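run_16.pdb, holding PDB, C-alpha atoms:
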```pdb
ATOM      1  CA  MET U   1     -78.200 -58.195 -25.358
ATOM      2  CA  SER U   2     -80.680 -55.741 -23.824
ATOM      3  CA  PRO U   3     -81.232 -55.099 -20.120
ATOM      4  CA  ARG U   4     -83.870 -57.331 -18.564
ATOM      5  CA  THR U   5     -86.118 -54.370 -17.815
ATOM      6  CA  ALA U   6     -86.466 -51.202 -19.897
ATOM      7  CA  PRO U   7     -83.963 -48.693 -18.473
ATOM      8  CA  SER U   8     -85.486 -45.845 -16.473
ATOM      9  CA  LEU U   9     -84.446 -42.211 -16.955
ATOM     10  CA  ASP U  10     -82.146 -42.605 -13.941
ATOM     11  CA  ASP U  11     -80.574 -45.681 -15.565
ATOM     12  CA  TRP U  12     -80.031 -43.583 -18.677
ATOM     13  CA  ARG U  13     -78.501 -40.764 -16.663
ATOM     14  CA  ARG U  14     -75.973 -43.201 -15.194
ATOM     15  CA  ALA U  15     -75.341 -44.894 -18.560
ATOM     16  CA  LEU U  16     -74.707 -41.585 -20.343
ATOM     17  CA  THR U  17     -72.514 -40.403 -17.461
ATOM     18  CA  ARG U  18     -70.480 -43.555 -18.011
ATOM     19  CA  PHE U  19     -70.385 -42.802 -21.743
ATOM     20  CA  VAL U  20     -69.096 -39.200 -21.424
ATOM     21  CA  LYS U  21     -66.591 -40.217 -18.721
ATOM     22  CA  VAL U  22     -65.084 -42.783 -21.079
ATOM     23  CA  LEU U  23     -64.221 -40.030 -23.614
ATOM     24  CA  PRO U  24     -60.801 -38.859 -22.353
ATOM     25  CA  HIS U  25     -61.175 -35.336 -23.748
ATOM     26  CA  CYS U  26     -64.533 -34.810 -22.020
ATOM     27  CA  ARG U  27     -63.538 -36.528 -18.771
ATOM     28  CA  GLU U  28     -60.516 -34.239 -18.428
ATOM     29  CA  LEU U  29     -62.688 -31.151 -18.915
ATOM     30  CA  GLY U  30     -65.212 -32.405 -16.332
ATOM     31  CA  LEU U  31     -68.248 -32.730 -18.638
ATOM     32  CA  GLU U  32     -71.339 -34.030 -16.791
ATOM     33  CA  VAL U  33     -74.818 -35.325 -17.586
ATOM     34  CA  HIS U  34     -77.248 -32.664 -16.352
ATOM     35  CA  ASP U  35     -80.612 -34.162 -17.244
ATOM     36  CA  VAL U  36     -82.247 -36.917 -19.256
ATOM     37  CA  THR U  37     -85.870 -36.759 -20.336
ATOM     38  CA  ALA U  38     -87.946 -38.975 -22.598
ATOM     39  CA  GLN U  39     -87.231 -36.661 -25.538
ATOM     40  CA  SER U  40     -83.788 -35.186 -24.956
ATOM     41  CA  ILE U  41     -80.548 -35.255 -23.023
ATOM     42  CA  CYS U  42     -78.779 -32.287 -21.449
ATOM     43  CA  LEU U  43     -75.077 -32.073 -20.596
ATOM     44  CA  ARG U  44     -73.333 -29.501 -18.414
ATOM     45  CA  GLN U  45     -69.783 -28.302 -19.028
ATOM     46  CA  PRO U  46     -68.556 -26.715 -15.784
ATOM     47  CA  TRP U  47     -66.395 -23.652 -16.296
ATOM     48  CA  HIS U  48     -62.712 -24.378 -17.088
ATOM     49  CA  ASP U  49     -60.173 -21.694 -18.069
ATOM     50  CA  ASP U  50     -58.931 -23.850 -20.970
ATOM     51  CA  LEU U  51     -62.277 -23.339 -22.754
ATOM     52  CA  LEU U  52     -61.218 -19.829 -23.747
ATOM     53  CA  GLY U  53     -60.541 -18.897 -27.359
ATOM     54  CA  ASP U  54     -59.747 -15.258 -26.599
ATOM     55  CA  ARG U  55     -58.054 -14.807 -23.233
ATOM     56  CA  MET U  56     -58.130 -11.007 -23.176
ATOM     57  CA  ARG U  57     -61.769 -10.598 -24.082
ATOM     58  CA  GLY U  58     -62.888 -13.657 -22.097
ATOM     59  CA  LEU U  59     -64.646 -15.456 -24.970
ATOM     60  CA  VAL U  60     -65.129 -19.213 -25.265
ATOM     61  CA  HIS U  61     -63.470 -20.929 -28.267
ATOM     62  CA  GLY U  62     -66.074 -21.653 -30.953
ATOM     63  CA  GLY U  63     -64.550 -25.115 -31.343
ATOM     64  CA  VAL U  64     -65.455 -25.916 -27.736
ATOM     65  CA  LEU U  65     -69.101 -25.474 -28.707
ATOM     66  CA  THR U  66     -68.672 -27.785 -31.721
ATOM     67  CA  MET U  67     -66.981 -30.398 -29.520
ATOM     68  CA  LEU U  68     -69.769 -30.190 -26.914
ATOM     69  CA  LEU U  69     -72.462 -30.379 -29.580
ATOM     70  CA  ASP U  70     -70.834 -33.462 -31.149
ATOM     71  CA  THR U  71     -70.674 -35.118 -27.724
ATOM     72  CA  ALA U  72     -74.263 -34.232 -26.802
ATOM     73  CA  CYS U  73     -75.728 -35.289 -30.159
ATOM     74  CA  GLY U  74     -73.722 -38.536 -29.947
ATOM     75  CA  SER U  75     -75.155 -39.150 -26.471
ATOM     76  CA  ALA U  76     -78.666 -38.480 -27.768
ATOM     77  CA  VAL U  77     -78.050 -41.059 -30.503
ATOM     78  CA  LEU U  78     -77.305 -43.784 -27.923
ATOM     79  CA  ARG U  79     -80.484 -42.820 -26.096
ATOM     80  CA  GLY U  80     -82.582 -42.637 -29.273
ATOM     81  CA  LEU U  81     -81.832 -46.045 -30.794
ATOM     82  CA  PRO U  82     -83.775 -49.220 -29.992
ATOM     83  CA  ALA U  83     -80.468 -50.709 -28.768
ATOM     84  CA  PRO U  84     -77.208 -48.703 -28.419
ATOM     85  CA  GLU U  85     -75.076 -48.957 -31.550
ATOM     86  CA  VAL U  86     -71.737 -47.433 -32.516
ATOM     87  CA  CYS U  87     -72.524 -44.379 -34.677
ATOM     88  CA  PRO U  88     -69.678 -42.192 -35.912
ATOM     89  CA  THR U  89     -70.482 -38.564 -36.763
ATOM     90  CA  LEU U  90     -71.103 -38.161 -40.483
ATOM     91  CA  ASP U  91     -71.343 -34.369 -40.465
ATOM     92  CA  LEU U  92     -72.070 -31.475 -38.160
ATOM     93  CA  ARG U  93     -73.233 -27.900 -38.726
ATOM     94  CA  VAL U  94     -73.069 -25.171 -36.071
ATOM     95  CA  ASP U  95     -74.576 -21.649 -36.128
ATOM     96  CA  HIS U  96     -73.052 -19.186 -33.672
ATOM     97  CA  TYR U  97     -75.659 -16.735 -32.333
ATOM     98  CA  ARG U  98     -73.617 -14.919 -29.691
ATOM     99  CA  PRO U  99     -70.266 -15.581 -28.005
ATOM    100  CA  ALA U 100     -70.145 -17.772 -24.906
ATOM    101  CA  VAL U 101     -68.316 -15.915 -22.146
ATOM    102  CA  VAL U 102     -65.791 -16.587 -19.393
ATOM    103  CA  GLY U 103     -66.802 -17.999 -16.012
ATOM    104  CA  ARG U 104     -70.203 -19.530 -16.725
ATOM    105  CA  ASP U 105     -71.153 -23.201 -17.153
ATOM    106  CA  ILE U 106     -72.285 -24.251 -20.630
ATOM    107  CA  PHE U 107     -75.420 -26.370 -21.069
ATOM    108  CA  ILE U 108     -75.973 -28.516 -24.164
ATOM    109  CA  GLU U 109     -79.313 -30.061 -24.991
ATOM    110  CA  ALA U 110     -79.634 -32.571 -27.819
ATOM    111  CA  ARG U 111     -82.342 -34.764 -29.278
ATOM    112  CA  VAL U 112     -82.854 -37.309 -32.012
ATOM    113  CA  VAL U 113     -85.116 -35.999 -34.751
ATOM    114  CA  ARG U 114     -85.342 -39.096 -36.940
ATOM    115  CA  VAL U 115     -83.850 -42.578 -37.145
ATOM    116  CA  THR U 116     -83.609 -44.428 -40.443
ATOM    117  CA  GLU U 117     -82.025 -47.762 -41.295
ATOM    118  CA  SER U 118     -78.642 -46.154 -41.925
ATOM    119  CA  VAL U 119     -78.667 -42.646 -40.410
ATOM    120  CA  VAL U 120     -79.627 -40.917 -37.141
ATOM    121  CA  PHE U 121     -80.557 -37.214 -37.520
ATOM    122  CA  THR U 122     -80.027 -35.045 -34.426
ATOM    123  CA  GLU U 123     -80.183 -31.420 -33.344
ATOM    124  CA  GLY U 124     -78.874 -29.557 -30.342
ATOM    125  CA  SER U 125     -78.530 -26.153 -28.755
ATOM    126  CA  LEU U 126     -76.150 -24.551 -26.272
ATOM    127  CA  TRP U 127     -76.648 -21.806 -23.710
ATOM    128  CA  GLN U 128     -75.141 -20.278 -20.607
ATOM    129  CA  VAL U 129     -78.179 -18.190 -19.617
ATOM    130  CA  PRO U 130     -81.632 -19.741 -20.213
ATOM    131  CA  GLU U 131     -83.487 -18.366 -23.247
ATOM    132  CA  LYS U 132     -80.245 -16.918 -24.655
ATOM    133  CA  PRO U 133     -78.839 -19.585 -27.006
ATOM    134  CA  VAL U 134     -75.133 -19.177 -27.864
ATOM    135  CA  ALA U 135     -75.220 -21.724 -30.671
ATOM    136  CA  ARG U 136     -77.389 -24.300 -32.339
ATOM    137  CA  GLY U 137     -76.465 -27.215 -34.533
ATOM    138  CA  ILE U 138     -77.472 -30.314 -36.377
ATOM    139  CA  GLY U 139     -75.493 -33.541 -36.566
ATOM    140  CA  ASN U 140     -76.019 -36.662 -38.633
ATOM    141  CA  PHE U 141     -74.648 -39.997 -37.486
ATOM    142  CA  ALA U 142     -74.016 -43.175 -39.490
ATOM    143  CA  ARG U 143     -75.441 -46.401 -38.067
ATOM    144  CA  LEU U 144     -72.857 -49.155 -38.227
ATOM    145  CA  GLY U 145     -75.362 -51.760 -37.071
ATOM    146  CA  ASP U 146     -75.233 -54.618 -34.606
ATOM    147  CA  ARG U 147     -72.481 -56.383 -36.481
ATOM    148  CA  ASN U 148     -70.000 -53.515 -35.981
ATOM    149  CA  THR U 149     -70.988 -52.695 -32.417
ATOM    150  CA  PRO U 150     -68.530 -54.105 -29.875
ATOM    151  CA  HIS U 151     -69.984 -57.057 -28.029
ATOM    152  CA  GLY U 152     -71.004 -56.014 -24.537
ATOM    153  CA  LEU U 153     -71.599 -52.291 -25.232
ATOM    154  CA  VAL U 154     -75.074 -52.405 -23.724
ATOM    155  CA  GLU U 155     -73.869 -54.382 -20.701
ATOM    156  CA  ALA U 156     -70.977 -51.948 -20.236
ATOM    157  CA  LEU U 157     -73.311 -48.930 -20.320
ATOM    158  CA  PHE U 158     -75.904 -50.425 -17.975
ATOM    159  CA  ALA U 159     -73.687 -52.759 -15.914
ATOM    160  CA  ASP U 160     -74.828 -51.867 -12.388
ATOM    161  CA  GLU U 161     -78.367 -51.036 -13.396
ATOM    162  CA  VAL U 162     -78.857 -54.490 -14.923
ATOM    163  CA  LEU U 163     -77.663 -56.113 -11.698
ATOM    164  CA  ASP U 164     -79.789 -53.752  -9.608
ATOM    165  CA  ALA U 165     -82.934 -54.330 -11.671
TER     166      ALA U 165
ATOM    167  CA  MET A 166     -52.765  -0.610 -24.042
ATOM    168  CA  ARG A 167     -53.121  -4.273 -23.116
ATOM    169  CA  GLU A 168     -52.044  -6.718 -25.794
ATOM    170  CA  GLY A 169     -54.625  -8.987 -27.385
ATOM    171  CA  PHE A 170     -56.759  -9.553 -30.457
ATOM    172  CA  ASP A 171     -58.772  -6.368 -29.966
ATOM    173  CA  ASP A 172     -55.645  -4.167 -29.942
ATOM    174  CA  ILE A 173     -55.114  -3.083 -33.564
ATOM    175  CA  HIS A 174     -51.460  -2.129 -33.040
ATOM    176  CA  TRP A 175     -50.622  -5.471 -31.475
ATOM    177  CA  LEU A 176     -52.530  -7.249 -34.246
ATOM    178  CA  GLU A 177     -50.701  -5.265 -36.968
ATOM    179  CA  ARG A 178     -47.299  -5.925 -35.438
ATOM    180  CA  THR A 179     -47.745  -9.668 -34.794
ATOM    181  CA  ARG A 180     -49.231 -10.085 -38.263
ATOM    182  CA  ALA A 181     -46.338  -8.276 -39.953
ATOM    183  CA  GLU A 182     -43.913 -10.511 -38.052
ATOM    184  CA  GLY A 183     -45.898 -13.648 -38.891
ATOM    185  CA  ASP A 184     -45.991 -14.347 -35.159
ATOM    186  CA  VAL A 185     -48.692 -17.060 -34.998
ATOM    187  CA  GLU A 186     -47.206 -18.201 -31.666
ATOM    188  CA  ALA A 187     -48.222 -14.874 -30.088
ATOM    189  CA  TRP A 188     -51.771 -15.478 -31.356
ATOM    190  CA  LEU A 189     -51.860 -19.060 -30.045
ATOM    191  CA  ASP A 190     -50.801 -17.719 -26.618
ATOM    192  CA  GLU A 191     -54.129 -15.878 -26.545
ATOM    193  CA  ILE A 192     -56.110 -19.078 -27.302
ATOM    194  CA  PRO A 193     -55.993 -21.415 -24.263
ATOM    195  CA  TYR A 194     -58.173 -24.130 -25.855
ATOM    196  CA  ALA A 195     -55.874 -24.363 -28.912
ATOM    197  CA  ARG A 196     -52.881 -24.646 -26.567
ATOM    198  CA  ARG A 197     -54.613 -27.403 -24.640
ATOM    199  CA  LEU A 198     -55.236 -29.338 -27.868
ATOM    200  CA  GLY A 199     -51.630 -28.877 -29.017
ATOM    201  CA  VAL A 200     -52.120 -26.775 -32.162
ATOM    202  CA  SER A 201     -49.047 -25.316 -33.887
ATOM    203  CA  ALA A 202     -48.388 -23.581 -37.220
ATOM    204  CA  ARG A 203     -45.452 -23.035 -39.548
ATOM    205  CA  PRO A 204     -44.991 -21.554 -43.011
ATOM    206  CA  ASP A 205     -46.306 -24.043 -45.549
ATOM    207  CA  PRO A 206     -43.315 -25.701 -47.279
ATOM    208  CA  ASP A 207     -45.363 -26.495 -50.404
ATOM    209  CA  GLU A 208     -47.362 -23.328 -51.021
ATOM    210  CA  ALA A 209     -48.107 -19.839 -49.719
ATOM    211  CA  GLY A 210     -49.804 -19.644 -46.321
ATOM    212  CA  LEU A 211     -49.612 -21.768 -43.201
ATOM    213  CA  LEU A 212     -49.483 -25.474 -42.456
ATOM    214  CA  PHE A 213     -51.141 -26.374 -39.136
ATOM    215  CA  ARG A 214     -50.376 -29.383 -36.976
ATOM    216  CA  LEU A 215     -52.245 -31.053 -34.114
ATOM    217  CA  GLU A 216     -50.112 -33.080 -31.718
ATOM    218  CA  PRO A 217     -51.460 -36.524 -30.785
ATOM    219  CA  HIS A 218     -52.256 -35.708 -27.121
ATOM    220  CA  GLN A 219     -53.839 -38.441 -24.951
ATOM    221  CA  GLY A 220     -56.368 -35.828 -23.882
ATOM    222  CA  ASN A 221     -57.632 -35.427 -27.463
ATOM    223  CA  ILE A 222     -58.906 -39.005 -27.671
ATOM    224  CA  GLY A 223     -62.649 -39.537 -28.042
ATOM    225  CA  ASN A 224     -62.738 -43.276 -28.701
ATOM    226  CA  ILE A 225     -60.413 -45.349 -26.541
ATOM    227  CA  LEU A 226     -61.117 -48.613 -28.356
ATOM    228  CA  LEU A 227     -59.737 -47.666 -31.785
ATOM    229  CA  PRO A 228     -58.162 -45.313 -30.487
ATOM    230  CA  ALA A 229     -59.384 -42.243 -32.375
ATOM    231  CA  LEU A 230     -59.333 -38.490 -31.820
ATOM    232  CA  HIS A 231     -62.567 -36.854 -30.607
ATOM    233  CA  GLY A 232     -64.367 -35.595 -33.720
ATOM    234  CA  GLY A 233     -65.109 -32.360 -31.893
ATOM    235  CA  VAL A 234     -61.397 -31.874 -31.217
ATOM    236  CA  VAL A 235     -60.642 -32.255 -34.932
ATOM    237  CA  ALA A 236     -63.379 -29.677 -35.599
ATOM    238  CA  ALA A 237     -61.934 -27.252 -33.025
ATOM    239  CA  PHE A 238     -58.468 -27.684 -34.558
ATOM    240  CA  MET A 239     -59.867 -26.888 -38.020
ATOM    241  CA  GLU A 240     -61.718 -23.823 -36.722
ATOM    242  CA  THR A 241     -58.565 -22.549 -35.011
ATOM    243  CA  ALA A 242     -56.576 -23.030 -38.216
ATOM    244  CA  ALA A 243     -59.232 -21.296 -40.336
ATOM    245  CA  THR A 244     -59.288 -18.289 -37.986
ATOM    246  CA  LEU A 245     -55.507 -17.847 -37.805
ATOM    247  CA  ASP A 246     -55.001 -18.493 -41.515
ATOM    248  CA  LEU A 247     -57.634 -15.876 -42.290
ATOM    249  CA  MET A 248     -56.033 -13.325 -39.944
ATOM    250  CA  MET A 249     -52.784 -13.743 -41.862
ATOM    251  CA  ALA A 250     -54.414 -13.754 -45.328
ATOM    252  CA  THR A 251     -56.788 -10.749 -45.287
ATOM    253  CA  ARG A 252     -55.843  -7.591 -47.229
ATOM    254  CA  SER A 253     -55.593  -5.615 -43.974
ATOM    255  CA  PRO A 254     -55.541  -6.667 -40.290
ATOM    256  CA  ARG A 255     -59.014  -7.895 -39.396
ATOM    257  CA  LEU A 256     -60.482  -9.768 -36.456
ATOM    258  CA  PRO A 257     -62.684 -12.681 -37.608
ATOM    259  CA  ARG A 258     -65.793 -13.670 -35.647
ATOM    260  CA  ILE A 259     -67.279 -17.049 -36.523
ATOM    261  CA  VAL A 260     -70.786 -17.111 -37.990
ATOM    262  CA  ASP A 261     -71.188 -20.757 -38.915
ATOM    263  CA  PHE A 262     -69.184 -23.928 -39.232
ATOM    264  CA  SER A 263     -69.847 -27.131 -41.143
ATOM    265  CA  ILE A 264     -67.714 -30.275 -41.113
ATOM    266  CA  ASP A 265     -67.830 -33.579 -43.012
ATOM    267  CA  TYR A 266     -66.082 -36.518 -41.376
ATOM    268  CA  LEU A 267     -64.545 -38.637 -44.110
ATOM    269  CA  ARG A 268     -62.317 -41.104 -42.235
ATOM    270  CA  THR A 269     -61.475 -42.014 -38.662
ATOM    271  CA  ALA A 270     -58.873 -39.614 -37.256
ATOM    272  CA  ARG A 271     -56.390 -42.018 -35.674
ATOM    273  CA  PHE A 272     -54.288 -41.261 -32.625
ATOM    274  CA  GLU A 273     -51.424 -39.685 -34.598
ATOM    275  CA  GLU A 274     -50.399 -36.218 -35.819
ATOM    276  CA  THR A 275     -52.961 -34.379 -37.938
ATOM    277  CA  PHE A 276     -52.358 -31.597 -40.473
ATOM    278  CA  VAL A 277     -54.562 -28.836 -41.812
ATOM    279  CA  ARG A 278     -54.371 -26.428 -44.732
ATOM    280  CA  CYS A 279     -56.895 -23.636 -45.405
ATOM    281  CA  ARG A 280     -58.097 -21.775 -48.488
ATOM    282  CA  LEU A 281     -59.659 -18.344 -48.359
ATOM    283  CA  LEU A 282     -62.367 -18.677 -51.019
ATOM    284  CA  ARG A 283     -63.878 -15.247 -50.550
ATOM    285  CA  GLU A 284     -62.858 -12.095 -48.742
ATOM    286  CA  GLY A 285     -65.611  -9.489 -48.888
ATOM    287  CA  SER A 286     -65.653  -6.198 -47.034
ATOM    288  CA  ARG A 287     -67.614  -7.776 -44.149
ATOM    289  CA  MET A 288     -67.682 -11.544 -44.717
ATOM    290  CA  ALA A 289     -65.157 -14.251 -45.441
ATOM    291  CA  ASN A 290     -65.505 -17.897 -46.464
ATOM    292  CA  VAL A 291     -62.730 -20.373 -45.616
ATOM    293  CA  GLN A 292     -62.383 -23.987 -46.713
ATOM    294  CA  VAL A 293     -60.355 -26.374 -44.581
ATOM    295  CA  THR A 294     -58.903 -29.840 -45.205
ATOM    296  CA  ALA A 295     -57.471 -32.119 -42.509
ATOM    297  CA  TRP A 296     -55.377 -35.222 -43.119
ATOM    298  CA  GLN A 297     -53.021 -37.610 -41.351
ATOM    299  CA  GLU A 298     -50.512 -39.807 -43.170
ATOM    300  CA  LYS A 299     -51.550 -38.815 -46.713
ATOM    301  CA  GLU A 300     -52.986 -35.523 -47.896
ATOM    302  CA  THR A 301     -54.862 -37.405 -50.630
ATOM    303  CA  LEU A 302     -56.808 -39.250 -47.901
ATOM    304  CA  PRO A 303     -58.420 -36.417 -45.889
ATOM    305  CA  VAL A 304     -59.979 -37.277 -42.514
ATOM    306  CA  ALA A 305     -62.296 -34.261 -42.653
ATOM    307  CA  THR A 306     -63.213 -31.192 -44.696
ATOM    308  CA  ALA A 307     -64.883 -28.098 -43.283
ATOM    309  CA  ARG A 308     -66.162 -24.713 -44.374
ATOM    310  CA  LEU A 309     -66.696 -21.595 -42.290
ATOM    311  CA  HIS A 310     -68.172 -18.132 -42.581
ATOM    312  CA  PHE A 311     -66.687 -15.290 -40.581
ATOM    313  CA  VAL A 312     -67.647 -11.667 -40.000
ATOM    314  CA  LEU A 313     -64.561  -9.494 -40.412
ATOM    315  CA  CYS A 314     -64.309  -6.911 -37.637
ATOM    316  CA  THR A 315     -61.898  -4.026 -37.367
ATOM    317  CA  PRO A 316     -60.368  -3.857 -33.896
ATOM    318  CA  ALA A 317     -60.285  -0.588 -31.976
ATOM    319  CA  GLY A 318     -57.118   1.517 -32.165
TER     320      GLY A 318
END
```
Translate this structure into structure tokens?
Amino acid sequence: MSPRTAPSLDDWRRALTRFVKVLPHCRELGLEVHDVTAQSICLRQPWHDDLLGDRMRGLVHGGVLTMLLDTACGSAVLRGLPAPEVCPTLDLRVDHYRPAVVGRDIFIEARVVRVTESVVFTEGSLWQVPEKPVARGIGNFARLGDRNTPHGLVEALFADEVLDA
Amino acid sequence: MREGFDDIHWLERTRAEGDVEAWLDEIPYARRLGVSARPDPDEAGLLFRLEPHQGNIGNILLPALHGGVVAAFMETAATLDLMMATRSPRLPRIVDFSIDYLRTARFEETFVRCRLLREGSRMANVQVTAWQEKETLPVATARLHFVLCTPAG
């Protein structure tokens, strides 16, 4: 089930890129994997005019931030488990510190805080300008386990990397 | 004066006319998702609908809507419902948002109804329920806090 060698950070970057590109909503908006470290993952949402929630004032829709946080925390979950498992979002909480504004990319960093037998606890933050967070959130994900994970998920995520290894 | 949410006269007029369409025109992300609203046939207030767009899918295997899209739909509904429900025209700014996912949101039309639980002089709390084929089987519930601003004249 698992790749023959432990995936490197570059393998993970490619695997998570594959993961976000397979979500039609995110693919259409051009969401990208920006960085993967041992502790966290970071996504980048390039600017798109459809992200606006207030056209006149040039403010990003708050729901865009929730959507990005859900996606980033979900990506962190894949990265944080011993073997990737399907984990639907159980709940999500977002605090809005300042509005995100027109024309700038949005960065989303997320990490796994704790994994138990049945739940994965995550947290994430979003910014456009470093050191100026626009929002922060926590998301909990339910582990469905091996039995409910589609056969071949790991292979699909790491396909080329496994062959390259 | 340009028309938009921060123009009090525009806000007063569109609100008096119940013109949610004019508000949605100012919200490109809601338009992209396919959000619409109509007077609630069963009670006072608005009934919101999310079209099943291909672009709203998050899981292609089931297929299911992206949970974040459902959340954004519920936030849009809460904001517009609140703008219609306040005692006077106010401009809500989101403070926090919390959502519980109860069931998979399938690739079909989704509905939302909101309840204004508290309208203070500065803060409001809105509760939101989303469902698909049966209202008694909600796919998600959410709650939001907003700061109520008064737009410039």
Please write as a PyMOL selection string the full residue list that the ChimeraX specification (/A :<10) & /U yields on this file.
chain U and resi 20+22-29+48-57+59-71+88-99+135-140+150
Step by step, work through what the PyMOL selection byres ((chain A and resi 173) around 10) selects in the shown file, and finish by giving those residues as a PyMOL selection string.
chain A and resi 168-172+174-179+254-256+315-318
Work out how far CA of Phe213 in chain A is from CA of Met288 in chain A, in Å to one decimal.
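Computing it gives 22.9 Å between the two atoms.
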Report as number ranges by chain the residues that result from applying the PyMOL selection byres ((chain U and resi 109-112) around 9) to the structure here.
U: 35, 39-44, 69, 72-77, 79-81, 107-108, 113-115, 120-127
Exercise: Ala243 in chain A partners within 7 Å, only C-alpha atoms, chain neighbours under 5 positions left out, as a ChimeraX atom specification
/A:279,291,293
By how many Å are CA of Thr301 in chain A and CA of Met249 in chain A apart?
25.3 Å
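The closest residue to Glu216 in chain A, picked from A:Leu245, A:Ser253, A:Glu273, A:Pro204 and counting only C-alpha atoms, is A:Glu273.
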Just the number, please: distance in Å from CA of Glu284 in chain A to CA of Phe311 in chain A, one decimal.
9.6 Å
Show me, as a PDB file with C-alpha atoms, in the frame of the given file, the residues that have an atom within 10 Å of Pro217 in chain A when counting all atoms listed in the file, minus same-chain residues fewer than 6 positions from it.
```pdb
ATOM      1  CA  LEU A 198     -55.236 -29.338 -27.868  1.00  0.00           C
ATOM      2  CA  GLY A 199     -51.630 -28.877 -29.017  1.00  0.00           C
ATOM      3  CA  VAL A 200     -52.120 -26.775 -32.162  1.00  0.00           C
ATOM      4  CA  ALA A 229     -59.384 -42.243 -32.375  1.00  0.00           C
ATOM      5  CA  LEU A 230     -59.333 -38.490 -31.820  1.00  0.00           C
ATOM      6  CA  ARG A 271     -56.390 -42.018 -35.674  1.00  0.00           C
ATOM      7  CA  PHE A 272     -54.288 -41.261 -32.625  1.00  0.00           C
ATOM      8  CA  GLU A 273     -51.424 -39.685 -34.598  1.00  0.00           C
ATOM      9  CA  GLU A 274     -50.399 -36.218 -35.819  1.00  0.00           C
ATOM     10  CA  THR A 275     -52.961 -34.379 -37.938  1.00  0.00           C
TER      11      THR A 275
END
```
Trp12 in chain U environment, 9 Å, all atoms listed in the file, sequence neighbours closer than 3 positions dropped, as a list of chain:residue names:
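In the requested form, the answer reads U:Pro7, U:Ser8, U:Leu9, U:Ala15, U:Leu16, U:Thr17, U:Val36, U:Arg79, U:Leu157, U:Phe158.
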Box for range 124-128 of chain U: with edges along x, y and z, all listed atoms inside and 6 Å added on each side, what are the centre and edge lengths in Å to one decimal, as lines of an AutoDock Vina configuration file?
```
center_x = -77.0
center_y = -24.9
center_z = -25.5
size_x = 15.7
size_y = 21.3
size_z = 21.7
```
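In terms of minimum interatomic distance to Ser201 in chain A, A:Arg214 ranks closest within A:Leu282, A:Arg214, A:Ala181, A:Trp296, counting only C-alpha atoms.
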Using only C-alpha atoms, give me every residue within 9 Å of (-67.3, -15.0, -15.4) in file coordinates, as a list in words.
Trp47, Gly58, Val101, Val102, Gly103 and Arg104 of chain U
Where atoms are missing, can you supply N, CA and C atoms for range 119-131 of chain U and output the lot as a compact mmCIF listing (two decimals), in the coordinates of the input?
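Now in result_21.txt:
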```
# COMPACT_ATOMS: atom_id res chain seq x y z
N VAL U 119 -79.09 -43.95 -40.94
CA VAL U 119 -78.67 -42.65 -40.41
C VAL U 119 -79.52 -42.25 -39.19
N VAL U 120 -78.88 -41.54 -38.24
CA VAL U 120 -79.63 -40.92 -37.14
C VAL U 120 -79.45 -39.41 -37.27
N PHE U 121 -80.57 -38.68 -37.39
CA PHE U 121 -80.56 -37.21 -37.52
C PHE U 121 -80.77 -36.60 -36.14
N THR U 122 -79.90 -35.67 -35.75
CA THR U 122 -80.03 -35.04 -34.43
C THR U 122 -79.95 -33.53 -34.54
N GLU U 123 -80.36 -32.87 -33.44
CA GLU U 123 -80.18 -31.42 -33.34
C GLU U 123 -79.87 -31.08 -31.89
N GLY U 124 -79.22 -29.94 -31.70
CA GLY U 124 -78.87 -29.56 -30.34
C GLY U 124 -78.72 -28.06 -30.21
N SER U 125 -78.76 -27.58 -28.98
CA SER U 125 -78.53 -26.15 -28.76
C SER U 125 -77.72 -25.97 -27.48
N LEU U 126 -77.02 -24.84 -27.41
CA LEU U 126 -76.15 -24.55 -26.27
C LEU U 126 -76.49 -23.19 -25.69
N TRP U 127 -76.41 -23.10 -24.36
CA TRP U 127 -76.65 -21.81 -23.71
C TRP U 127 -75.87 -21.74 -22.41
N GLN U 128 -75.69 -20.50 -21.94
CA GLN U 128 -75.14 -20.28 -20.61
C GLN U 128 -76.23 -19.70 -19.71
N VAL U 129 -77.04 -18.80 -20.31
CA VAL U 129 -78.18 -18.19 -19.62
C VAL U 129 -79.43 -18.70 -20.33
N PRO U 130 -80.41 -19.22 -19.57
CA PRO U 130 -81.63 -19.74 -20.21
C PRO U 130 -82.26 -18.71 -21.15
N GLU U 131 -82.81 -19.21 -22.25
CA GLU U 131 -83.49 -18.37 -23.25
C GLU U 131 -82.52 -17.51 -24.07
```
